[in-house]
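upload-v8.txt follows; it contains compact mmCIF, N, CA and C atoms.
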```txt
# COMPACT_ATOMS: atom_id res chain seq x y z
N MET D 1 -41.41 4.29 -6.86
CA MET D 1 -42.26 3.63 -7.81
C MET D 1 -42.33 2.15 -7.45
N LEU D 2 -43.50 1.57 -7.48
CA LEU D 2 -43.70 0.16 -7.18
C LEU D 2 -43.77 -0.61 -8.48
N LEU D 3 -42.97 -1.65 -8.61
CA LEU D 3 -42.95 -2.48 -9.80
C LEU D 3 -43.53 -3.84 -9.48
N SER D 4 -44.32 -4.38 -10.40
CA SER D 4 -44.79 -5.75 -10.26
C SER D 4 -43.97 -6.61 -11.20
N ILE D 5 -43.35 -7.63 -10.65
CA ILE D 5 -42.50 -8.51 -11.44
C ILE D 5 -43.09 -9.90 -11.39
N TYR D 6 -43.35 -10.47 -12.57
CA TYR D 6 -43.87 -11.83 -12.66
C TYR D 6 -42.69 -12.77 -12.81
N SER D 7 -42.59 -13.76 -11.96
CA SER D 7 -41.43 -14.65 -11.93
C SER D 7 -41.50 -15.76 -12.98
N GLY D 8 -42.64 -15.95 -13.60
CA GLY D 8 -42.78 -17.04 -14.55
C GLY D 8 -43.17 -18.35 -13.87
N ARG D 9 -43.26 -18.33 -12.56
CA ARG D 9 -43.62 -19.52 -11.79
C ARG D 9 -44.96 -19.31 -11.09
N GLY D 10 -45.75 -18.39 -11.60
CA GLY D 10 -47.06 -18.13 -11.02
C GLY D 10 -47.04 -17.18 -9.85
N VAL D 11 -45.93 -16.51 -9.61
CA VAL D 11 -45.81 -15.60 -8.48
C VAL D 11 -45.50 -14.21 -8.99
N THR D 12 -46.28 -13.24 -8.57
CA THR D 12 -46.00 -11.85 -8.88
C THR D 12 -45.55 -11.17 -7.61
N ALA D 13 -44.41 -10.50 -7.68
CA ALA D 13 -43.87 -9.81 -6.52
C ALA D 13 -43.89 -8.32 -6.78
N ASN D 14 -44.27 -7.57 -5.79
CA ASN D 14 -44.21 -6.12 -5.86
C ASN D 14 -42.96 -5.65 -5.15
N ILE D 15 -42.11 -4.93 -5.87
CA ILE D 15 -40.89 -4.41 -5.27
C ILE D 15 -40.81 -2.92 -5.54
N HIS D 16 -40.13 -2.21 -4.66
CA HIS D 16 -39.92 -0.79 -4.85
C HIS D 16 -38.73 -0.59 -5.77
N ASP D 17 -38.92 0.20 -6.83
CA ASP D 17 -37.82 0.56 -7.70
C ASP D 17 -37.21 1.83 -7.13
N LEU D 18 -36.07 1.69 -6.50
CA LEU D 18 -35.40 2.82 -5.88
C LEU D 18 -34.28 3.35 -6.76
N GLY D 19 -34.23 2.85 -8.00
CA GLY D 19 -33.15 3.26 -8.88
C GLY D 19 -31.90 2.47 -8.52
N SER D 20 -30.83 2.77 -9.20
CA SER D 20 -29.61 2.06 -8.90
C SER D 20 -28.78 2.86 -7.93
N CYS D 21 -27.99 2.16 -7.17
CA CYS D 21 -27.08 2.80 -6.24
C CYS D 21 -25.76 2.06 -6.30
N ASP D 22 -24.70 2.68 -5.89
CA ASP D 22 -23.38 2.07 -5.97
C ASP D 22 -23.27 0.79 -5.18
N SER D 23 -24.11 0.63 -4.17
CA SER D 23 -23.96 -0.53 -3.29
C SER D 23 -24.44 -1.82 -3.93
N GLY D 24 -25.33 -1.74 -4.90
CA GLY D 24 -25.91 -2.94 -5.45
C GLY D 24 -27.07 -3.46 -4.62
N PHE D 25 -27.42 -2.77 -3.56
CA PHE D 25 -28.52 -3.18 -2.69
C PHE D 25 -29.77 -2.39 -3.04
N GLU D 26 -30.90 -2.95 -2.73
CA GLU D 26 -32.16 -2.23 -2.75
C GLU D 26 -32.74 -2.32 -1.34
N SER D 27 -33.30 -1.25 -0.86
CA SER D 27 -33.81 -1.20 0.50
C SER D 27 -35.22 -1.76 0.57
N GLN D 28 -35.60 -2.24 1.74
CA GLN D 28 -36.98 -2.65 1.98
C GLN D 28 -37.81 -1.44 2.35
N ARG D 29 -37.17 -0.33 2.67
CA ARG D 29 -37.88 0.89 3.02
C ARG D 29 -37.63 1.92 1.94
N SER D 30 -38.65 2.68 1.61
CA SER D 30 -38.49 3.70 0.59
C SER D 30 -38.19 5.07 1.21
N ASP D 31 -38.21 5.15 2.53
CA ASP D 31 -38.01 6.44 3.19
C ASP D 31 -36.58 6.57 3.73
N ASN D 32 -35.91 7.63 3.34
CA ASN D 32 -34.60 7.98 3.90
C ASN D 32 -33.61 6.83 3.94
N MET D 33 -33.42 6.15 2.81
CA MET D 33 -32.48 5.05 2.75
C MET D 33 -31.08 5.55 3.07
N VAL D 34 -30.39 4.82 3.91
CA VAL D 34 -29.03 5.16 4.32
C VAL D 34 -28.14 3.98 3.97
N PHE D 35 -26.98 4.26 3.38
CA PHE D 35 -26.03 3.20 3.05
C PHE D 35 -24.90 3.20 4.07
N ILE D 36 -24.63 2.04 4.61
CA ILE D 36 -23.51 1.87 5.53
C ILE D 36 -22.52 0.93 4.87
N LYS D 37 -21.34 1.46 4.51
CA LYS D 37 -20.33 0.66 3.84
C LYS D 37 -19.70 -0.31 4.83
N ASN D 38 -19.78 -1.60 4.51
CA ASN D 38 -19.19 -2.65 5.33
C ASN D 38 -18.25 -3.47 4.45
N LYS D 39 -16.96 -3.35 4.67
CA LYS D 39 -16.00 -4.16 3.92
C LYS D 39 -15.83 -5.48 4.67
N GLU D 40 -16.51 -6.51 4.17
CA GLU D 40 -16.52 -7.80 4.85
C GLU D 40 -16.22 -8.92 3.85
N ASP D 41 -15.28 -9.79 4.21
CA ASP D 41 -15.09 -11.03 3.47
C ASP D 41 -16.12 -12.02 4.02
N PHE D 42 -16.57 -12.94 3.18
CA PHE D 42 -17.54 -13.93 3.67
C PHE D 42 -17.43 -15.22 2.88
N VAL D 43 -17.82 -16.30 3.54
CA VAL D 43 -17.93 -17.60 2.89
C VAL D 43 -19.40 -17.79 2.54
N CYS D 44 -19.67 -18.09 1.28
CA CYS D 44 -21.05 -18.26 0.81
C CYS D 44 -21.71 -19.44 1.50
N ASP D 45 -22.90 -19.19 2.07
CA ASP D 45 -23.66 -20.26 2.73
C ASP D 45 -24.26 -21.24 1.73
N ASN D 46 -24.30 -20.87 0.45
CA ASN D 46 -24.86 -21.77 -0.55
C ASN D 46 -23.79 -22.68 -1.16
N CYS D 47 -22.68 -22.11 -1.63
CA CYS D 47 -21.68 -22.91 -2.35
C CYS D 47 -20.34 -23.04 -1.64
N GLY D 48 -20.11 -22.26 -0.58
CA GLY D 48 -18.88 -22.37 0.19
C GLY D 48 -17.71 -21.56 -0.33
N TYR D 49 -17.91 -20.77 -1.38
CA TYR D 49 -16.82 -19.97 -1.95
C TYR D 49 -16.46 -18.81 -1.01
N LYS D 50 -15.16 -18.56 -0.84
CA LYS D 50 -14.71 -17.44 0.00
C LYS D 50 -14.65 -16.19 -0.85
N ASN D 51 -15.54 -15.24 -0.57
CA ASN D 51 -15.63 -13.98 -1.30
C ASN D 51 -14.86 -12.90 -0.56
N ILE D 52 -14.12 -12.09 -1.30
CA ILE D 52 -13.39 -10.97 -0.74
C ILE D 52 -14.24 -9.72 -0.94
N GLY D 53 -14.67 -9.11 0.16
CA GLY D 53 -15.55 -7.95 0.08
C GLY D 53 -14.78 -6.67 -0.22
N ASN D 54 -15.48 -5.72 -0.85
CA ASN D 54 -14.87 -4.43 -1.15
C ASN D 54 -15.67 -3.27 -0.55
N GLY D 55 -16.63 -3.58 0.30
CA GLY D 55 -17.48 -2.56 0.88
C GLY D 55 -18.82 -2.44 0.17
N TYR D 56 -18.88 -2.99 -1.04
CA TYR D 56 -20.12 -2.98 -1.81
C TYR D 56 -20.57 -4.40 -2.17
N THR D 57 -19.76 -5.39 -1.84
CA THR D 57 -20.05 -6.78 -2.18
C THR D 57 -21.23 -7.26 -1.35
N ASN D 58 -22.25 -7.79 -2.03
CA ASN D 58 -23.42 -8.26 -1.28
C ASN D 58 -23.92 -9.61 -1.75
N HIS D 59 -23.20 -10.24 -2.66
CA HIS D 59 -23.60 -11.57 -3.10
C HIS D 59 -22.35 -12.35 -3.53
N CYS D 60 -22.50 -13.67 -3.58
CA CYS D 60 -21.41 -14.54 -3.97
C CYS D 60 -21.12 -14.37 -5.46
N SER D 61 -19.87 -14.20 -5.81
CA SER D 61 -19.51 -13.99 -7.21
C SER D 61 -19.56 -15.29 -8.02
N ILE D 62 -19.65 -16.44 -7.34
CA ILE D 62 -19.72 -17.72 -8.05
C ILE D 62 -21.16 -18.15 -8.30
N CYS D 63 -22.01 -18.19 -7.25
CA CYS D 63 -23.38 -18.70 -7.40
C CYS D 63 -24.44 -17.61 -7.39
N LEU D 64 -24.07 -16.36 -7.10
CA LEU D 64 -24.96 -15.19 -7.08
C LEU D 64 -25.98 -15.21 -5.94
N PHE D 65 -25.84 -16.11 -4.97
CA PHE D 65 -26.69 -16.11 -3.79
C PHE D 65 -26.20 -15.04 -2.82
N SER D 66 -27.09 -14.55 -1.97
CA SER D 66 -26.70 -13.66 -0.88
C SER D 66 -27.53 -14.03 0.34
N LYS D 67 -27.41 -13.24 1.40
CA LYS D 67 -28.21 -13.46 2.60
C LYS D 67 -29.08 -12.24 2.86
N HIS D 68 -30.27 -12.49 3.35
CA HIS D 68 -31.23 -11.43 3.66
C HIS D 68 -30.91 -10.89 5.05
N VAL D 69 -29.95 -9.95 5.11
CA VAL D 69 -29.48 -9.46 6.40
C VAL D 69 -29.66 -7.95 6.60
N ASP D 70 -30.00 -7.21 5.54
CA ASP D 70 -30.11 -5.76 5.64
C ASP D 70 -31.55 -5.27 5.49
N ILE D 71 -31.85 -4.21 6.22
CA ILE D 71 -33.06 -3.44 5.97
C ILE D 71 -32.67 -2.32 5.01
N ASP D 72 -31.71 -1.51 5.42
CA ASP D 72 -31.06 -0.55 4.53
C ASP D 72 -29.68 -1.09 4.20
N PRO D 73 -29.16 -0.77 3.03
CA PRO D 73 -27.88 -1.33 2.59
C PRO D 73 -26.77 -1.21 3.63
N GLY D 74 -26.23 -2.36 4.03
CA GLY D 74 -25.10 -2.41 4.93
C GLY D 74 -25.40 -2.35 6.41
N ASP D 75 -26.68 -2.20 6.80
CA ASP D 75 -26.97 -2.01 8.23
C ASP D 75 -27.01 -3.31 9.03
N ARG D 76 -27.17 -4.45 8.38
CA ARG D 76 -27.21 -5.77 9.02
C ARG D 76 -28.27 -5.86 10.12
N LEU D 77 -29.41 -5.17 9.91
CA LEU D 77 -30.48 -5.13 10.92
C LEU D 77 -31.65 -6.07 10.63
N ASN D 78 -31.65 -6.73 9.48
CA ASN D 78 -32.75 -7.64 9.18
C ASN D 78 -32.50 -8.97 9.88
N THR D 79 -33.47 -9.44 10.61
CA THR D 79 -33.33 -10.67 11.38
C THR D 79 -33.70 -11.92 10.59
N CYS D 80 -34.18 -11.78 9.37
CA CYS D 80 -34.57 -12.94 8.56
C CYS D 80 -33.38 -13.88 8.35
N GLY D 81 -32.32 -13.39 7.74
CA GLY D 81 -31.12 -14.19 7.54
C GLY D 81 -31.23 -15.29 6.50
N GLY D 82 -32.34 -15.33 5.76
CA GLY D 82 -32.52 -16.39 4.76
C GLY D 82 -31.60 -16.22 3.57
N LEU D 83 -31.38 -17.32 2.84
CA LEU D 83 -30.61 -17.25 1.60
C LEU D 83 -31.44 -16.58 0.52
N MET D 84 -30.79 -15.71 -0.24
CA MET D 84 -31.44 -15.02 -1.36
C MET D 84 -30.99 -15.70 -2.65
N LYS D 85 -31.92 -16.39 -3.30
CA LYS D 85 -31.63 -17.16 -4.51
C LYS D 85 -31.75 -16.27 -5.75
N PRO D 86 -30.79 -16.37 -6.69
CA PRO D 86 -30.93 -15.61 -7.94
C PRO D 86 -32.06 -16.18 -8.78
N GLU D 87 -32.99 -15.32 -9.18
CA GLU D 87 -34.15 -15.75 -9.96
C GLU D 87 -34.14 -15.23 -11.39
N PHE D 88 -33.51 -14.08 -11.61
CA PHE D 88 -33.51 -13.45 -12.94
C PHE D 88 -32.24 -12.63 -13.08
N VAL D 89 -31.65 -12.65 -14.26
CA VAL D 89 -30.45 -11.86 -14.54
C VAL D 89 -30.68 -11.02 -15.78
N SER D 90 -30.29 -9.75 -15.71
CA SER D 90 -30.27 -8.87 -16.88
C SER D 90 -28.82 -8.42 -17.06
N TYR D 91 -28.27 -8.71 -18.23
CA TYR D 91 -26.87 -8.34 -18.48
C TYR D 91 -26.80 -7.72 -19.86
N THR D 92 -27.03 -6.42 -19.90
CA THR D 92 -26.97 -5.66 -21.15
C THR D 92 -25.97 -4.53 -20.96
N ASN D 93 -25.74 -3.77 -22.01
CA ASN D 93 -24.85 -2.61 -21.89
C ASN D 93 -25.38 -1.60 -20.89
N LYS D 94 -26.71 -1.52 -20.77
CA LYS D 94 -27.33 -0.53 -19.89
C LYS D 94 -27.51 -1.05 -18.47
N ASP D 95 -27.97 -2.27 -18.32
CA ASP D 95 -28.30 -2.83 -17.01
C ASP D 95 -27.58 -4.14 -16.78
N LYS D 96 -27.00 -4.27 -15.61
CA LYS D 96 -26.37 -5.52 -15.18
C LYS D 96 -26.84 -5.78 -13.75
N TYR D 97 -27.86 -6.62 -13.61
CA TYR D 97 -28.41 -6.86 -12.28
C TYR D 97 -28.98 -8.26 -12.16
N VAL D 98 -29.17 -8.67 -10.92
CA VAL D 98 -29.80 -9.93 -10.60
C VAL D 98 -30.98 -9.65 -9.67
N ILE D 99 -32.09 -10.33 -9.89
CA ILE D 99 -33.22 -10.29 -8.97
C ILE D 99 -33.09 -11.53 -8.09
N GLN D 100 -33.08 -11.32 -6.79
CA GLN D 100 -32.97 -12.43 -5.84
C GLN D 100 -34.23 -12.52 -5.00
N ARG D 101 -34.60 -13.77 -4.62
CA ARG D 101 -35.75 -14.00 -3.76
C ARG D 101 -35.29 -14.74 -2.51
N CYS D 102 -35.73 -14.25 -1.36
CA CYS D 102 -35.39 -14.89 -0.10
C CYS D 102 -36.13 -16.22 0.00
N LEU D 103 -35.40 -17.28 0.29
CA LEU D 103 -36.00 -18.61 0.41
C LEU D 103 -36.78 -18.77 1.72
N THR D 104 -36.61 -17.83 2.65
CA THR D 104 -37.30 -17.89 3.94
C THR D 104 -38.59 -17.08 3.92
N CYS D 105 -38.50 -15.79 3.52
CA CYS D 105 -39.67 -14.91 3.61
C CYS D 105 -40.21 -14.46 2.26
N LEU D 106 -39.56 -14.83 1.16
CA LEU D 106 -39.96 -14.54 -0.22
C LEU D 106 -39.77 -13.09 -0.64
N PHE D 107 -39.11 -12.26 0.18
CA PHE D 107 -38.79 -10.89 -0.21
C PHE D 107 -37.90 -10.92 -1.44
N GLU D 108 -38.13 -9.99 -2.37
CA GLU D 108 -37.29 -9.91 -3.57
C GLU D 108 -36.57 -8.57 -3.62
N ARG D 109 -35.37 -8.59 -4.19
CA ARG D 109 -34.62 -7.36 -4.39
C ARG D 109 -33.76 -7.46 -5.64
N LYS D 110 -33.39 -6.30 -6.11
CA LYS D 110 -32.54 -6.15 -7.29
C LYS D 110 -31.14 -5.78 -6.82
N ASN D 111 -30.13 -6.50 -7.31
CA ASN D 111 -28.75 -6.24 -6.95
C ASN D 111 -27.92 -6.05 -8.21
N ILE D 112 -27.05 -5.08 -8.17
CA ILE D 112 -26.17 -4.81 -9.29
C ILE D 112 -25.11 -5.91 -9.37
N LEU D 113 -24.88 -6.41 -10.60
CA LEU D 113 -23.85 -7.43 -10.81
C LEU D 113 -22.48 -6.77 -10.88
N ASN D 114 -21.46 -7.52 -10.47
CA ASN D 114 -20.09 -7.04 -10.50
C ASN D 114 -19.35 -7.65 -11.69
N ASP D 115 -18.26 -7.02 -12.09
CA ASP D 115 -17.48 -7.51 -13.22
C ASP D 115 -16.91 -8.90 -12.99
N ASN D 116 -16.67 -9.27 -11.72
CA ASN D 116 -16.08 -10.58 -11.43
C ASN D 116 -17.13 -11.67 -11.16
N ASP D 117 -18.41 -11.37 -11.35
CA ASP D 117 -19.45 -12.38 -11.15
C ASP D 117 -19.41 -13.41 -12.28
N SER D 118 -19.75 -14.65 -11.94
CA SER D 118 -19.67 -15.77 -12.87
C SER D 118 -20.66 -15.62 -14.03
N LEU D 119 -20.11 -15.53 -15.24
CA LEU D 119 -20.94 -15.46 -16.44
C LEU D 119 -21.69 -16.78 -16.63
N ASP D 120 -21.04 -17.90 -16.31
CA ASP D 120 -21.70 -19.21 -16.43
C ASP D 120 -22.95 -19.27 -15.55
N THR D 121 -22.84 -18.76 -14.32
CA THR D 121 -24.00 -18.77 -13.42
C THR D 121 -25.09 -17.85 -13.94
N MET D 122 -24.71 -16.69 -14.48
CA MET D 122 -25.71 -15.78 -15.04
C MET D 122 -26.50 -16.48 -16.14
N ILE D 123 -25.81 -17.21 -17.00
CA ILE D 123 -26.46 -17.92 -18.11
C ILE D 123 -27.37 -19.02 -17.56
N LYS D 124 -26.90 -19.76 -16.55
CA LYS D 124 -27.73 -20.82 -15.95
C LYS D 124 -29.00 -20.24 -15.33
N VAL D 125 -28.88 -19.11 -14.64
CA VAL D 125 -30.06 -18.48 -14.02
C VAL D 125 -31.04 -18.07 -15.11
N GLN D 126 -30.55 -17.46 -16.17
CA GLN D 126 -31.42 -17.02 -17.26
C GLN D 126 -32.13 -18.23 -17.91
N ASN D 127 -31.40 -19.30 -18.12
CA ASN D 127 -31.98 -20.48 -18.78
C ASN D 127 -32.90 -21.29 -17.87
N SER D 128 -32.77 -21.15 -16.57
CA SER D 128 -33.59 -21.93 -15.65
C SER D 128 -35.04 -21.48 -15.62
N ASP D 129 -35.31 -20.27 -16.12
CA ASP D 129 -36.68 -19.75 -16.11
C ASP D 129 -37.43 -20.13 -17.37
N LYS D 130 -36.80 -20.88 -18.25
CA LYS D 130 -37.44 -21.22 -19.54
C LYS D 130 -37.98 -22.62 -19.54
```
Please render this file's structure as structure tokens.
Amino acid sequence: MLLSIYSGRGVTANIHDLGSCDSGFESQRSDNMVFIKNKEDFVCDNCGYKNIGNGYTNHCSICLFSKHVDIDPGDRLNTCGGLMKPEFVSYTNKDKYVIQRCLTCLFERKNILNDNDSLDTMIKVQNSDK
């Protein structure tokens, strides 16, 4: 299913709703998505925080930024490499996710939030769109 999301900044992005998956990633391809578990620690390119990966970690738990490095979750085949900025947060009993936009190519994706993600940052992201 294709969803149109209005960012509130005059930009409408069309993204594929692939449902939720354990990885927290959304694929750029809707055909035969494959998840490759990569347990990687990383230093955030945006804020410098050292994140401890668990195989599903795909964004910084402090600033919620990530890098545009996957075509399918965990494959590290995307050559863009741009920073993915958090644009929208939903934190309800049913849904806990962040919408991120690549600062290089403007691709958007939905990522599942983790229990250790910064609540302060989630609130700042939500309030920045108002």
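One finds atom C of Cys47 in chain D at 19.7 Å from atom C of Asn111 in chain D.
Residue nearest Asp120 in chain D within the list D:Leu64, D:Asp45, D:Asn38, D:His59: D:Leu64 [criterion: smallest interatomic distance, only C-alpha atoms].
Between atom C of Asn93 in chain D and CA of Val125 in chain D lies a distance of 18.8 Å.
Between CA of Val98 in chain D and CA of Lys110 in chain D there is a distance of 5.7 Å.
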Would you give the centre and edge lengths, in Å to one decimal, of a box along x, y and z around the listed atoms of range 75-89 of chain D, with 4 Å added to each side, as lines of an AutoDock Vina configuration file?
```
center_x = -30.6
center_y = -9.7
center_z = -2.2
size_x = 15.9
size_y = 23.3
size_z = 35.2
```
Output as a ChimeraX atom specification all residues of range 41-98 of chain D that backbone DSSP marks as strand (DSSP E). /D:42-43,50-51,66-67,83-91,96-98
Find the spatial neighbours of Met84 in chain D, counting only N, CA and C atoms, within a cut-off of 8 Å - ignore same-chain residues fewer than 2 positions away - and output them as number ranges by chain. D: 64-69, 81-82, 86-87, 99-104, 107
Write out as number ranges by chain which residues come within 9 Å of Glu40 in chain D when counting only C-alpha atoms, dropping same-chain ones fewer than 3 positions away. D: 51-57
Write the selection just made, keeping N, CA and C atoms, as a tab-separated table (two decimals), in the coordinates of the input?
```tsv
chain	number	residue	atom	x	y	z
D	51	ASN	N	-15.54	-15.24	-0.57
D	51	ASN	CA	-15.63	-13.98	-1.30
D	51	ASN	C	-14.86	-12.90	-0.56
D	52	ILE	N	-14.12	-12.09	-1.30
D	52	ILE	CA	-13.39	-10.97	-0.74
D	52	ILE	C	-14.24	-9.72	-0.94
D	53	GLY	N	-14.67	-9.11	0.16
D	53	GLY	CA	-15.55	-7.95	0.08
D	53	GLY	C	-14.78	-6.67	-0.22
D	54	ASN	N	-15.48	-5.72	-0.85
D	54	ASN	CA	-14.87	-4.43	-1.15
D	54	ASN	C	-15.67	-3.27	-0.55
D	55	GLY	N	-16.63	-3.58	0.30
D	55	GLY	CA	-17.48	-2.56	0.88
D	55	GLY	C	-18.82	-2.44	0.17
D	56	TYR	N	-18.88	-2.99	-1.04
D	56	TYR	CA	-20.12	-2.98	-1.81
D	56	TYR	C	-20.57	-4.40	-2.17
D	57	THR	N	-19.76	-5.39	-1.84
D	57	THR	CA	-20.05	-6.78	-2.18
D	57	THR	C	-21.23	-7.26	-1.35
```
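In this comparison, which uses only C-alpha atoms, the residue of D:Val89, D:Leu83, D:Cys63, D:Cys44 approaching Gln126 in chain D most closely is D:Val89.
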